[in-house]
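Dropping data-v2.txt in here (compact mmCIF, C-alpha atoms and all ligand atoms):
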# COMPACT_ATOMS: atom_id res chain seq x y z
CA MET A 1 9.33 -14.31 -28.83
CA ILE A 2 6.03 -12.50 -29.29
CA LYS A 3 4.22 -13.57 -32.43
CA GLU A 4 2.47 -11.01 -34.60
CA SER A 5 -0.78 -12.96 -34.36
CA TYR A 6 -1.75 -15.64 -31.89
CA GLY A 7 -4.93 -16.61 -33.65
CA ILE A 8 -8.09 -17.34 -31.70
CA THR A 9 -8.98 -15.15 -28.72
CA VAL A 10 -11.01 -16.57 -25.88
CA SER A 11 -13.96 -14.31 -26.76
CA ARG A 12 -13.95 -15.69 -30.29
CA HIS A 13 -13.70 -19.23 -28.97
CA ILE A 14 -16.65 -18.72 -26.61
CA LEU A 15 -18.77 -17.25 -29.41
CA ASP A 16 -17.84 -20.05 -31.82
CA SER A 17 -18.89 -22.61 -29.19
CA GLN A 18 -22.15 -20.73 -28.67
CA ARG A 19 -22.91 -20.92 -32.40
CA LEU A 20 -22.88 -24.72 -32.13
CA HIS A 21 -25.99 -24.34 -29.93
CA PRO A 22 -28.68 -22.45 -31.87
CA GLU A 23 -30.88 -22.46 -28.75
CA ALA A 24 -28.22 -20.54 -26.75
CA THR A 25 -29.17 -17.05 -25.64
CA GLY A 26 -25.61 -15.85 -25.14
CA ASP A 27 -25.95 -15.60 -21.37
CA LEU A 28 -23.32 -18.26 -20.65
CA SER A 29 -20.95 -16.55 -23.07
CA GLY A 30 -21.65 -13.27 -21.30
CA LEU A 31 -21.06 -14.81 -17.89
CA LEU A 32 -17.73 -16.32 -18.95
CA SER A 33 -16.63 -13.04 -20.50
CA GLU A 34 -17.40 -11.11 -17.32
CA LEU A 35 -15.57 -13.69 -15.25
CA ILE A 36 -12.56 -13.34 -17.52
CA VAL A 37 -12.51 -9.58 -16.94
CA ALA A 38 -12.42 -10.22 -13.18
CA ALA A 39 -9.64 -12.77 -13.71
CA LYS A 40 -7.54 -10.25 -15.64
CA THR A 41 -7.91 -7.78 -12.78
CA ILE A 42 -6.78 -10.45 -10.31
CA SER A 43 -3.92 -11.48 -12.57
CA ALA A 44 -2.68 -7.87 -12.76
CA GLU A 45 -2.85 -7.55 -8.98
CA VAL A 46 -1.11 -10.89 -8.39
CA ASN A 47 1.66 -9.93 -10.81
CA MET A 48 2.36 -6.71 -8.91
CA ALA A 49 1.77 -8.18 -5.46
CA GLY A 50 5.28 -7.60 -4.16
CA LEU A 51 5.20 -3.92 -5.12
CA GLY A 52 1.95 -2.74 -3.57
CA ASP A 53 0.51 -3.33 -0.14
CA CYS A 54 -0.96 -6.62 -1.37
CA LEU A 55 0.96 -9.33 0.43
CA GLY A 56 0.29 -10.70 3.88
CA GLN A 57 -2.80 -11.35 5.93
CA ALA A 58 -5.99 -9.33 5.94
CA GLY A 59 -6.34 -9.81 9.70
CA LYS A 60 -9.37 -12.10 9.71
CA THR A 61 -10.27 -15.76 9.65
CA ASN A 62 -12.74 -17.09 7.07
CA ILE A 63 -15.53 -19.66 7.33
CA GLN A 64 -12.97 -22.40 6.56
CA GLY A 65 -11.07 -21.46 9.72
CA GLU A 66 -8.18 -20.19 7.60
CA LYS A 67 -6.37 -16.85 7.83
CA VAL A 68 -7.56 -14.60 5.01
CA GLN A 69 -4.78 -13.11 2.87
CA LYS A 70 -5.14 -9.63 1.39
CA LEU A 71 -5.16 -11.12 -2.10
CA ASP A 72 -7.88 -13.63 -1.13
CA GLU A 73 -10.02 -10.65 -0.22
CA PHE A 74 -9.12 -8.70 -3.34
CA ALA A 75 -9.94 -11.65 -5.60
CA ASN A 76 -13.19 -12.38 -3.78
CA ASN A 77 -14.37 -8.78 -4.15
CA ALA A 78 -13.24 -8.56 -7.78
CA ILE A 79 -15.40 -11.54 -8.77
CA LYS A 80 -18.33 -10.76 -6.51
CA ARG A 81 -18.69 -7.15 -7.64
CA ARG A 82 -18.21 -7.98 -11.30
CA MET A 83 -20.84 -10.71 -11.28
CA ALA A 84 -23.42 -9.24 -8.87
CA ALA A 85 -24.82 -6.77 -11.42
CA SER A 86 -23.96 -8.71 -14.56
CA GLY A 87 -27.47 -10.05 -15.10
CA TYR A 88 -26.10 -13.55 -15.69
CA VAL A 89 -26.22 -15.13 -12.23
CA ALA A 90 -29.04 -15.76 -9.78
CA ILE A 91 -26.87 -16.50 -6.76
CA MET A 92 -23.21 -17.13 -5.92
CA THR A 93 -21.13 -18.83 -3.29
CA SER A 94 -17.48 -18.26 -2.44
CA GLU A 95 -14.98 -20.25 -0.42
CA GLU A 96 -14.32 -17.03 1.47
CA GLU A 97 -17.91 -16.32 2.56
CA ALA A 98 -20.07 -18.12 5.10
CA ASP A 99 -23.38 -17.63 3.30
CA ALA A 100 -24.62 -17.67 -0.26
CA ILE A 101 -24.11 -14.31 -2.01
CA PRO A 102 -27.22 -12.68 -3.51
CA VAL A 103 -26.98 -10.57 -6.64
CA VAL A 104 -28.28 -7.03 -7.14
CA ALA A 105 -32.10 -7.06 -7.03
CA GLY A 106 -33.56 -7.08 -10.51
CA GLN A 107 -30.32 -8.38 -12.03
CA GLU A 108 -30.95 -12.09 -11.41
CA GLY A 109 -29.81 -14.28 -14.28
CA LYS A 110 -30.04 -17.92 -15.30
CA TYR A 111 -26.92 -19.35 -13.71
CA THR A 112 -25.24 -19.98 -10.36
CA LEU A 113 -21.58 -19.41 -9.69
CA ALA A 114 -19.39 -21.14 -7.09
CA PHE A 115 -15.80 -19.95 -6.83
CA ASP A 116 -12.53 -20.26 -4.97
CA PRO A 117 -11.27 -16.70 -5.48
CA LEU A 118 -7.65 -17.58 -4.81
CA ASP A 119 -6.52 -21.14 -4.42
CA GLY A 120 -3.16 -21.85 -2.84
CA SER A 121 -3.22 -18.94 -0.42
CA THR A 122 -0.15 -20.13 1.45
CA ASN A 123 1.84 -19.67 -1.75
CA ILE A 124 0.81 -16.03 -2.34
CA ASP A 125 3.61 -14.43 -0.37
CA VAL A 126 6.32 -16.62 -1.89
CA ASN A 127 5.64 -16.06 -5.59
CA VAL A 128 4.50 -19.61 -6.32
CA SER A 129 1.60 -20.38 -8.69
CA ILE A 130 -1.91 -19.76 -7.37
CA GLY A 131 -5.28 -19.72 -9.12
CA THR A 132 -9.00 -18.99 -9.26
CA ILE A 133 -11.46 -21.88 -9.70
CA PHE A 134 -15.08 -21.57 -10.86
CA SER A 135 -18.12 -23.77 -11.35
CA ILE A 136 -21.35 -22.84 -13.13
CA HIS A 137 -24.77 -24.50 -12.86
CA ARG A 138 -28.20 -23.58 -14.15
CA ALA A 139 -30.39 -22.00 -11.44
CA HIS A 140 -33.68 -23.81 -10.91
CA ASN A 141 -35.75 -20.65 -11.48
CA GLY A 142 -33.63 -18.52 -13.78
CA GLY A 143 -34.37 -14.82 -13.60
CA LEU A 144 -35.59 -15.04 -10.00
CA PRO A 145 -33.50 -14.67 -6.84
CA GLY A 146 -31.66 -17.95 -6.25
CA GLY A 147 -31.30 -19.86 -3.00
CA GLU A 148 -28.88 -22.33 -1.47
CA VAL A 149 -30.76 -25.16 -3.18
CA ASP A 150 -29.61 -23.79 -6.55
CA LEU A 151 -26.01 -24.05 -5.42
CA LEU A 152 -26.25 -27.54 -3.94
CA GLN A 153 -26.21 -29.38 -7.26
CA PRO A 154 -23.91 -32.27 -8.16
CA GLY A 155 -20.87 -31.75 -10.39
CA ARG A 156 -22.55 -33.82 -13.10
CA GLN A 157 -25.00 -30.95 -13.65
CA GLN A 158 -22.33 -28.31 -14.23
CA VAL A 159 -22.76 -26.23 -17.35
CA ALA A 160 -19.18 -24.97 -17.31
CA ALA A 161 -16.14 -25.02 -15.05
CA GLY A 162 -12.60 -23.79 -15.19
CA TYR A 163 -9.70 -22.10 -13.56
CA ILE A 164 -7.24 -19.31 -14.09
CA ILE A 165 -3.71 -20.12 -13.02
CA TYR A 166 -1.41 -17.24 -12.16
CA GLY A 167 1.87 -18.96 -12.94
CA SER A 168 4.92 -18.23 -15.07
CA SER A 169 2.19 -17.06 -17.43
CA THR A 170 -1.48 -16.55 -16.66
CA MET A 171 -3.64 -19.25 -18.23
CA LEU A 172 -7.37 -19.86 -18.42
CA VAL A 173 -8.51 -23.47 -18.73
CA TYR A 174 -12.22 -24.19 -19.12
CA THR A 175 -14.82 -26.64 -20.30
CA THR A 176 -18.46 -26.36 -21.23
CA GLY A 177 -18.70 -30.11 -21.70
CA GLU A 178 -17.12 -30.14 -25.13
CA GLY A 179 -13.51 -30.79 -24.28
CA VAL A 180 -11.03 -28.72 -22.33
CA HIS A 181 -9.35 -25.69 -23.80
CA GLY A 182 -6.45 -23.61 -22.52
CA PHE A 183 -5.68 -19.96 -23.22
CA THR A 184 -2.61 -17.92 -22.35
CA LEU A 185 -2.85 -14.26 -21.38
CA ASP A 186 -0.75 -11.80 -23.34
CA PRO A 187 -0.47 -9.13 -20.64
CA THR A 188 0.73 -6.52 -23.12
CA VAL A 189 -2.63 -6.56 -24.92
CA GLY A 190 -4.74 -7.96 -22.09
CA GLU A 191 -6.10 -10.77 -24.24
CA PHE A 192 -6.28 -14.54 -23.72
CA TYR A 193 -5.29 -16.53 -26.83
CA LEU A 194 -5.95 -20.21 -27.48
CA SER A 195 -2.67 -21.95 -26.72
CA HIS A 196 -3.80 -25.45 -25.67
CA PRO A 197 -6.77 -26.62 -27.79
CA ASP A 198 -8.57 -29.82 -26.76
CA ILE A 199 -6.32 -30.80 -23.86
CA ARG A 200 -6.11 -34.55 -23.20
CA MET A 201 -4.72 -35.78 -19.92
CA PRO A 202 -2.24 -38.64 -20.46
CA ALA A 203 -3.86 -41.86 -19.20
CA ARG A 204 -0.68 -42.94 -17.45
CA SER A 205 2.11 -41.01 -15.80
CA LYS A 206 5.03 -41.26 -13.44
CA TYR A 207 4.08 -38.42 -11.10
CA TYR A 208 2.11 -38.28 -7.89
CA SER A 209 1.15 -35.17 -5.91
CA VAL A 210 0.41 -35.52 -2.23
CA ASN A 211 1.32 -33.80 1.03
CA GLU A 212 3.57 -36.58 2.26
CA GLY A 213 4.05 -34.75 5.54
CA ASN A 214 0.63 -36.16 6.45
CA THR A 215 1.76 -39.79 6.11
CA ALA A 216 1.34 -40.47 9.83
CA TYR A 217 -2.35 -39.49 9.57
CA TRP A 218 -3.26 -41.60 6.52
CA HIS A 219 -5.46 -44.69 6.50
CA PRO A 220 -3.83 -48.08 5.70
CA GLU A 221 -5.10 -48.21 2.09
CA MET A 222 -3.50 -44.85 1.38
CA HIS A 223 -0.24 -46.09 2.93
CA ARG A 224 -0.30 -49.19 0.75
CA TYR A 225 -1.04 -47.25 -2.44
CA VAL A 226 1.71 -44.67 -1.97
CA SER A 227 4.19 -47.40 -0.95
CA HIS A 228 3.32 -49.12 -4.22
CA LEU A 229 4.16 -45.96 -6.18
CA LYS A 230 7.54 -45.81 -4.47
CA GLU A 231 8.55 -49.43 -5.06
CA VAL A 232 11.32 -50.10 -7.56
CA ASP A 233 9.88 -51.77 -10.66
CA ARG A 234 11.36 -50.44 -13.87
CA PRO A 235 8.85 -52.05 -16.32
CA THR A 236 6.02 -50.06 -14.69
CA GLY A 237 8.09 -46.90 -14.37
CA ARG A 238 8.29 -47.07 -10.58
CA PRO A 239 9.26 -45.45 -8.37
CA TYR A 240 7.17 -42.48 -9.47
CA SER A 241 8.40 -38.92 -8.95
CA ALA A 242 6.71 -36.70 -6.38
CA ARG A 243 5.58 -33.18 -7.32
CA TYR A 244 3.62 -31.24 -4.69
CA ILE A 245 3.17 -27.51 -5.07
CA GLY A 246 0.54 -26.99 -2.37
CA SER A 247 -1.78 -25.04 -4.66
CA LEU A 248 -4.39 -27.50 -5.88
CA VAL A 249 -4.90 -25.58 -9.09
CA ALA A 250 -1.17 -25.70 -9.90
CA ASP A 251 -0.80 -29.36 -8.94
CA PHE A 252 -3.86 -30.20 -11.03
CA HIS A 253 -2.69 -28.15 -14.00
CA ARG A 254 0.66 -29.89 -14.02
CA ASN A 255 -1.02 -33.30 -13.99
CA LEU A 256 -3.50 -32.23 -16.66
CA ILE A 257 -0.69 -31.35 -19.04
CA VAL A 258 1.92 -34.04 -18.36
CA GLY A 259 -0.14 -36.66 -16.52
CA GLY A 260 -0.18 -37.54 -12.84
CA ILE A 261 -2.35 -38.22 -9.84
CA PHE A 262 -3.19 -35.79 -7.02
CA LEU A 263 -4.34 -37.17 -3.67
CA TYR A 264 -5.80 -35.43 -0.64
CA PRO A 265 -7.37 -38.32 1.29
CA ARG A 266 -9.32 -38.45 4.52
CA ASP A 267 -6.89 -38.28 7.40
CA THR A 268 -6.74 -37.99 11.16
CA LYS A 269 -4.69 -34.80 11.34
CA ASP A 270 -7.53 -32.42 12.10
CA THR A 271 -10.89 -33.65 13.36
CA THR A 272 -12.67 -30.71 11.69
CA LYS A 273 -11.38 -31.96 8.31
CA ALA A 274 -11.67 -35.69 8.94
CA GLY A 275 -13.79 -36.16 5.81
CA GLY A 276 -11.14 -34.59 3.57
CA LYS A 277 -9.69 -31.09 3.31
CA LEU A 278 -10.69 -29.83 -0.10
CA ARG A 279 -14.04 -28.27 -0.80
CA LEU A 280 -16.56 -30.00 -3.05
CA LEU A 281 -18.19 -26.95 -4.63
CA TYR A 282 -15.15 -24.73 -5.18
CA GLU A 283 -12.35 -27.21 -5.79
CA ALA A 284 -13.24 -30.88 -6.28
CA SER A 285 -16.33 -30.59 -8.46
CA PRO A 286 -15.07 -28.08 -11.08
CA LEU A 287 -11.71 -29.83 -11.40
CA ALA A 288 -13.48 -33.21 -11.69
CA PHE A 289 -15.49 -31.85 -14.64
CA ILE A 290 -12.29 -30.71 -16.34
CA ALA A 291 -10.51 -33.99 -15.56
CA GLU A 292 -13.34 -36.09 -17.03
CA GLN A 293 -13.57 -33.88 -20.10
CA ALA A 294 -9.83 -34.34 -20.66
CA GLY A 295 -10.08 -38.13 -20.28
CA GLY A 296 -9.12 -38.27 -16.60
CA ARG A 297 -11.07 -39.28 -13.50
CA ALA A 298 -11.87 -37.90 -10.03
CA ILE A 299 -12.99 -39.96 -7.03
CA THR A 300 -13.06 -39.93 -3.27
CA ASP A 301 -11.02 -42.47 -1.32
CA ASP A 302 -14.21 -44.25 -0.28
CA GLY A 303 -15.49 -45.27 -3.67
CA ARG A 304 -17.52 -42.31 -4.95
CA GLU A 305 -17.17 -40.43 -8.22
CA ILE A 306 -16.75 -36.74 -7.35
CA MET A 307 -19.14 -35.68 -10.13
CA ASP A 308 -21.99 -37.73 -8.63
CA ILE A 309 -21.85 -36.36 -5.08
CA VAL A 310 -24.93 -34.34 -4.17
CA PRO A 311 -23.68 -31.53 -1.90
CA ASP A 312 -25.34 -31.17 1.47
CA SER A 313 -23.78 -27.84 2.41
CA LEU A 314 -21.94 -25.00 0.72
CA HIS A 315 -18.58 -25.63 2.35
CA GLN A 316 -18.66 -29.42 2.37
CA ARG A 317 -15.23 -31.04 2.25
CA VAL A 318 -14.38 -34.25 0.40
CA PRO A 319 -11.41 -36.53 -0.04
CA LEU A 320 -10.05 -35.89 -3.55
CA ILE A 321 -8.14 -38.28 -5.79
CA ILE A 322 -7.89 -36.80 -9.28
CA GLY A 323 -5.82 -37.14 -12.40
CA SER A 324 -4.79 -39.58 -15.10
CA LYS A 325 -7.47 -42.21 -15.68
CA LEU A 326 -5.43 -45.39 -15.25
CA GLU A 327 -3.62 -43.99 -12.22
CA VAL A 328 -6.91 -43.11 -10.51
CA ASP A 329 -8.35 -46.53 -11.48
CA LEU A 330 -5.46 -48.24 -9.71
CA ALA A 331 -5.79 -46.00 -6.64
CA ALA A 332 -9.50 -46.91 -6.51
CA GLU A 333 -8.56 -50.60 -6.39
CA TYR A 334 -6.21 -49.97 -3.49
CA PHE A 335 -8.84 -47.95 -1.63
CA ALA A 336 -11.35 -50.78 -2.16
CA GLY A 337 -8.80 -53.18 -0.70
CA LYS A 338 -8.55 -55.14 -3.96
CA SER A 339 -4.84 -54.62 -4.72
P1 LIG A 401 -7.07 -22.39 -0.41
O1 LIG A 401 -5.80 -21.62 -0.52
O2 LIG A 401 -8.08 -22.00 -1.44
O3 LIG A 401 -7.63 -22.40 0.98
O4 LIG A 401 -6.75 -23.91 -0.77
C1 LIG A 401 -5.64 -24.55 -0.22
C2 LIG A 401 -5.72 -26.00 -0.55
C3 LIG A 401 -5.23 -26.38 -1.93
O5 LIG A 401 -4.90 -25.38 -2.79
C4 LIG A 401 -4.02 -27.23 -1.67
O6 LIG A 401 -4.02 -28.31 -2.53
C5 LIG A 401 -4.15 -27.63 -0.26
O7 LIG A 401 -4.94 -26.70 0.38
C6 LIG A 401 -2.84 -27.74 0.42
O8 LIG A 401 -3.04 -28.25 1.67
P2 LIG A 401 -1.83 -28.70 2.63
O9 LIG A 401 -1.11 -27.47 2.99
O10 LIG A 401 -2.55 -29.35 3.77
O11 LIG A 401 -0.99 -29.68 1.85
MN MN A 402 -8.59 -23.59 -2.62
MN MN A 403 -9.03 -20.09 -1.63
For the structure just supplied, provide its representation as structure tokens.
Ligand code: AHG
Ligand code: MN
Ligand code: MN
Amino acid sequence: MIKESYGITVSRHILDSQRLHPEATGDLSGLLSELIVAAKTISAEVNMAGLGDCLGQAGKTNIQGEKVQKLDEFANNAIKRRMAASGYVAIMTSEEEADAIPVVAGQEGKYTLAFDPLDGSTNIDVNVSIGTIFSIHRAHNGGLPGGEVDLLQPGRQQVAAGYIIYGSSTMLVYTTGEGVHGFTLDPTVGEFYLSHPDIRMPARSKYYSVNEGNTAYWHPEMHRYVSHLKEVDRPTGRPYSARYIGSLVADFHRNLIVGGIFLYPRDTKDTTKAGGKLRLLYEASPLAFIAEQAGGRAITDDGREIMDIVPDSLHQRVPLIIGSKLEVDLAAEYFAGKS
């Protein structure tokens, strides 16, 4: 049922947050608003994907060595073009592009933007939830052209991060370091309304998300941890249930709302991804910021907090263990060989 009024729009929410910071110039609010416009464009395209010539591959391979889908390309261009002349960013980087993306000369702003234009590409053609992930940092020399050094900042220094999930409804989830807030798009009016204020991730859960088809390639600690989750022990709610969508943003969103742990460890499946599959700047770091802000935790499987990793390259991959705090704490013990 459509309500007559849904209350707070995302624009109102962003402005209200800005008012809490008298020193704010409004540039971050402007950046987020522009990004939301791009997200609405992508959402509309995703929703109609089966009707236009939008499904399938674009006929190229990206810097990640993955086949580019037409919608990956559409989403990448939608964000890039929207932001390049916005006046809010100094430099950008995208999962789909080998090099850092400069903005229009004279339009350099204060912030940097890293984004995964469309996450879960293998789910595009089969109408399963996909998403866009973004991460915002302050550029070192705001107003001047940015360089790679501006983009290679740890997650801990993020100013904002979030994602848009194109699911049964389109939702925006973001944080500026003051909690995590979720908004649902009403496509009939083209407006995001606050539907999930101050999201808290349950500390415990009974769900785990992992590509179990990779079991043969896991390290022993990972084997032991997942075996533990599958043991029968009713007082601790085991065995846990498995939920793996194959779109990080959708798996993460599920765990954010109902609790759970997502794992993509180091493995021996592909030597080019031996250090983990998921990308630090576009996937791990922004979701880690959201997880921490919602009371969760994000680590690697070799004892590092995702938020503290200083990136050494734009497309760096990391092992990612993320989700409910107590579940991640226990996984960390297993990975350290303590359990
Ligand atoms: P992307 O579509 O942006 O390249 O990301 C795909 C990622 C992520 O969304 C998902 O969690 C993971 O790849 C799935 O990997 P497997 O197919 O190896 O399970
Ligand atoms: Mn991705
Ligand atoms: Mn992607």
### Query
Which is closer to ligand LIG 401 (chain A) than all the others in A:Thr268, A:Ser285, A:Thr236, A:Asn123, using only C-alpha atoms and all ligand atoms?
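Among A:Thr268, A:Ser285, A:Thr236, A:Asn123, it is A:Asn123 that comes nearest to ligand LIG 401 (chain A).
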### Message
I'd like the contact shell of segment 102-116 of chain A - 6 Å cut-off, all atoms listed in the file, skipping same-chain residues fewer than 4 positions apart - returned as a ChimeraX atom specification.
### Response
/A:84-85,87-95,132-139,142-145,282
### Message
Around ligand LIG 401 (chain A), which protein and nucleic acid residues have at least one atom no more than 10 Å from it, if we count all atoms listed in the file? List them as a count of residues only.
### Response
49
### Message
Excluding Ala203 of chain A and its own-chain neighbours fewer than 4 positions away, which residues fall within 6 Å of it when counting all atoms listed in the file? Please give them as a PyMOL selection string.
### Response
chain A and resi 324-326
Convert the current residue selection to file output with C-alpha atoms, as an mmCIF file, in the coordinates of the input.
data_model
loop_
_atom_site.group_PDB
_atom_site.id
_atom_site.type_symbol
_atom_site.label_atom_id
_atom_site.label_comp_id
_atom_site.auth_asym_id
_atom_site.auth_seq_id
_atom_site.Cartn_x
_atom_site.Cartn_y
_atom_site.Cartn_z
ATOM 1 C CA SER A 324 -4.790 -39.580 -15.100
ATOM 2 C CA LYS A 325 -7.470 -42.210 -15.680
ATOM 3 C CA LEU A 326 -5.430 -45.390 -15.250
#
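Using only C-alpha atoms, the nearest neighbour of Leu152 of chain A within the list A:His140, A:Asp270, A:Ala332, A:Asp302 is A:His140.
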## Note on the structure
Using all atoms listed in the file, the shortest atom-to-atom distance to ligand MN 403 (chain A) among A:Leu281, A:Ser241, A:Gly59, A:Arg204 belongs to A:Leu281
### Query
Could you work out how far atom CA of Ile321 of chain A lies from atom CA of Lys338 of chain A, giving the answer in Å with one decimal?
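For atom CA of Lys338 of chain A relative to atom CA of Ile321 of chain A, the distance reads 17.0 Å.
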### Task
Compare A:Leu280, A:Ile306, A:Ala216, A:Ile290 by their minimum atom-to-atom distance to ligand MN 402 (chain A), counting all atoms listed in the file, and give me the closest one.
A:Leu280
### Message
Set the distance at 10 Å and use only C-alpha atoms: which residues neighbour segment 167-172 of chain A once local chain neighbours fewer than 3 positions away are removed? I'd like the list as a PyMOL selection string.
### Response
chain A and resi 10+36+39-40+43-44+46-47+127-133+162-164+181-187+192-196+250+253
Store the residues picked out above in a file with C-alpha atoms, as a PDB file, in the coordinates of the input.
ATOM      1  CA  VAL A  10     -11.010 -16.570 -25.880  1.00  0.00           C
ATOM      2  CA  ILE A  36     -12.560 -13.340 -17.520  1.00  0.00           C
ATOM      3  CA  ALA A  39      -9.640 -12.770 -13.710  1.00  0.00           C
ATOM      4  CA  LYS A  40      -7.540 -10.250 -15.640  1.00  0.00           C
ATOM      5  CA  SER A  43      -3.920 -11.480 -12.570  1.00  0.00           C
ATOM      6  CA  ALA A  44      -2.680  -7.870 -12.760  1.00  0.00           C
ATOM      7  CA  VAL A  46      -1.110 -10.890  -8.390  1.00  0.00           C
ATOM      8  CA  ASN A  47       1.660  -9.930 -10.810  1.00  0.00           C
ATOM      9  CA  ASN A 127       5.640 -16.060  -5.590  1.00  0.00           C
ATOM     10  CA  VAL A 128       4.500 -19.610  -6.320  1.00  0.00           C
ATOM     11  CA  SER A 129       1.600 -20.380  -8.690  1.00  0.00           C
ATOM     12  CA  ILE A 130      -1.910 -19.760  -7.370  1.00  0.00           C
ATOM     13  CA  GLY A 131      -5.280 -19.720  -9.120  1.00  0.00           C
ATOM     14  CA  THR A 132      -9.000 -18.990  -9.260  1.00  0.00           C
ATOM     15  CA  ILE A 133     -11.460 -21.880  -9.700  1.00  0.00           C
ATOM     16  CA  GLY A 162     -12.600 -23.790 -15.190  1.00  0.00           C
ATOM     17  CA  TYR A 163      -9.700 -22.100 -13.560  1.00  0.00           C
ATOM     18  CA  ILE A 164      -7.240 -19.310 -14.090  1.00  0.00           C
ATOM     19  CA  HIS A 181      -9.350 -25.690 -23.800  1.00  0.00           C
ATOM     20  CA  GLY A 182      -6.450 -23.610 -22.520  1.00  0.00           C
ATOM     21  CA  PHE A 183      -5.680 -19.960 -23.220  1.00  0.00           C
ATOM     22  CA  THR A 184      -2.610 -17.920 -22.350  1.00  0.00           C
ATOM     23  CA  LEU A 185      -2.850 -14.260 -21.380  1.00  0.00           C
ATOM     24  CA  ASP A 186      -0.750 -11.800 -23.340  1.00  0.00           C
ATOM     25  CA  PRO A 187      -0.470  -9.130 -20.640  1.00  0.00           C
ATOM     26  CA  PHE A 192      -6.280 -14.540 -23.720  1.00  0.00           C
ATOM     27  CA  TYR A 193      -5.290 -16.530 -26.830  1.00  0.00           C
ATOM     28  CA  LEU A 194      -5.950 -20.210 -27.480  1.00  0.00           C
ATOM     29  CA  SER A 195      -2.670 -21.950 -26.720  1.00  0.00           C
ATOM     30  CA  HIS A 196      -3.800 -25.450 -25.670  1.00  0.00           C
ATOM     31  CA  ALA A 250      -1.170 -25.700  -9.900  1.00  0.00           C
ATOM     32  CA  HIS A 253      -2.690 -28.150 -14.000  1.00  0.00           C
TER      33      HIS A 253
END
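Compared by their closest atoms to Leu20 of chain A, and using all atoms listed in the file, the residues A:Glu178, A:Met201, A:Asp53, A:Val149 rank with A:Glu178 nearest.
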### Message
Counting all atoms listed in the file, which residue out of A:Asn76, A:Thr271, A:Thr25, A:Ser227 sits closest to ligand MN 403 (chain A)?
### Response
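Selected residue with least distance to ligand MN 403 (chain A): A:Asn76.
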Centre and edge lengths, as JSON, for the axis-aligned box enclosing every listed atom of segment 56-66 of chain A with 8 Å of padding on each of the six sides, in Å to one decimal?
{"center_x": -7.6, "center_y": -15.9, "center_z": 6.8, "size_x": 31.8, "size_y": 29.1, "size_z": 21.8}
### Task
List the residues sitting within 8 Å of (6.3, -43.9, -10.5) in the file's frame, using only C-alpha atoms, as a list in words.
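So the residues meeting the distance criterion are Ser205, Lys206, Tyr207, Tyr208, Leu229, Lys230, Thr236, Gly237, Arg238, Pro239, Tyr240 and Ser241 of chain A.
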### Query
Which distance in Å separates atom CA of Asp308 of chain A and atom CA of Pro154 of chain A, to one decimal?
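So the answer is 5.8 Å.
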Mind writing segment 37-48 of chain A to a file for me, with N, CA and C atoms, as a CSV table (one decimal), in the first residue's frame?
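Just written: decode.csv:
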chain,number,residue,atom,x,y,z
A,37,VAL,N,21.3,11.1,-7.9
A,37,VAL,CA,20.7,11.2,-9.2
A,37,VAL,C,21.2,10.1,-10.2
A,38,ALA,N,22.6,9.9,-10.2
A,38,ALA,CA,23.1,8.9,-11.0
A,38,ALA,C,22.5,7.5,-10.6
A,39,ALA,N,22.4,7.3,-9.3
A,39,ALA,CA,21.8,6.0,-8.9
A,39,ALA,C,20.4,5.8,-9.4
A,40,LYS,N,19.6,6.9,-9.4
A,40,LYS,CA,18.2,6.7,-9.9
A,40,LYS,C,18.2,6.4,-11.3
A,41,THR,N,19.1,6.9,-12.1
A,41,THR,CA,19.2,6.6,-13.5
A,41,THR,C,19.6,5.1,-13.7
A,42,ILE,N,20.5,4.7,-12.9
A,42,ILE,CA,20.9,3.3,-13.0
A,42,ILE,C,19.8,2.4,-12.6
A,43,SER,N,19.1,2.8,-11.5
A,43,SER,CA,18.0,2.0,-11.0
A,43,SER,C,16.9,1.8,-12.1
A,44,ALA,N,16.6,2.9,-12.8
A,44,ALA,CA,15.6,2.9,-13.9
A,44,ALA,C,16.0,1.9,-15.0
A,45,GLU,N,17.3,2.0,-15.3
A,45,GLU,CA,17.8,1.1,-16.4
A,45,GLU,C,17.8,-0.3,-16.0
A,46,VAL,N,18.2,-0.6,-14.7
A,46,VAL,CA,18.2,-2.0,-14.2
A,46,VAL,C,16.8,-2.5,-14.2
A,47,ASN,N,15.9,-1.7,-13.8
A,47,ASN,CA,14.5,-2.2,-13.7
A,47,ASN,C,13.9,-2.5,-15.1
A,48,MET,N,14.4,-1.9,-16.1
A,48,MET,CA,13.9,-2.2,-17.5
A,48,MET,C,14.8,-3.1,-18.3
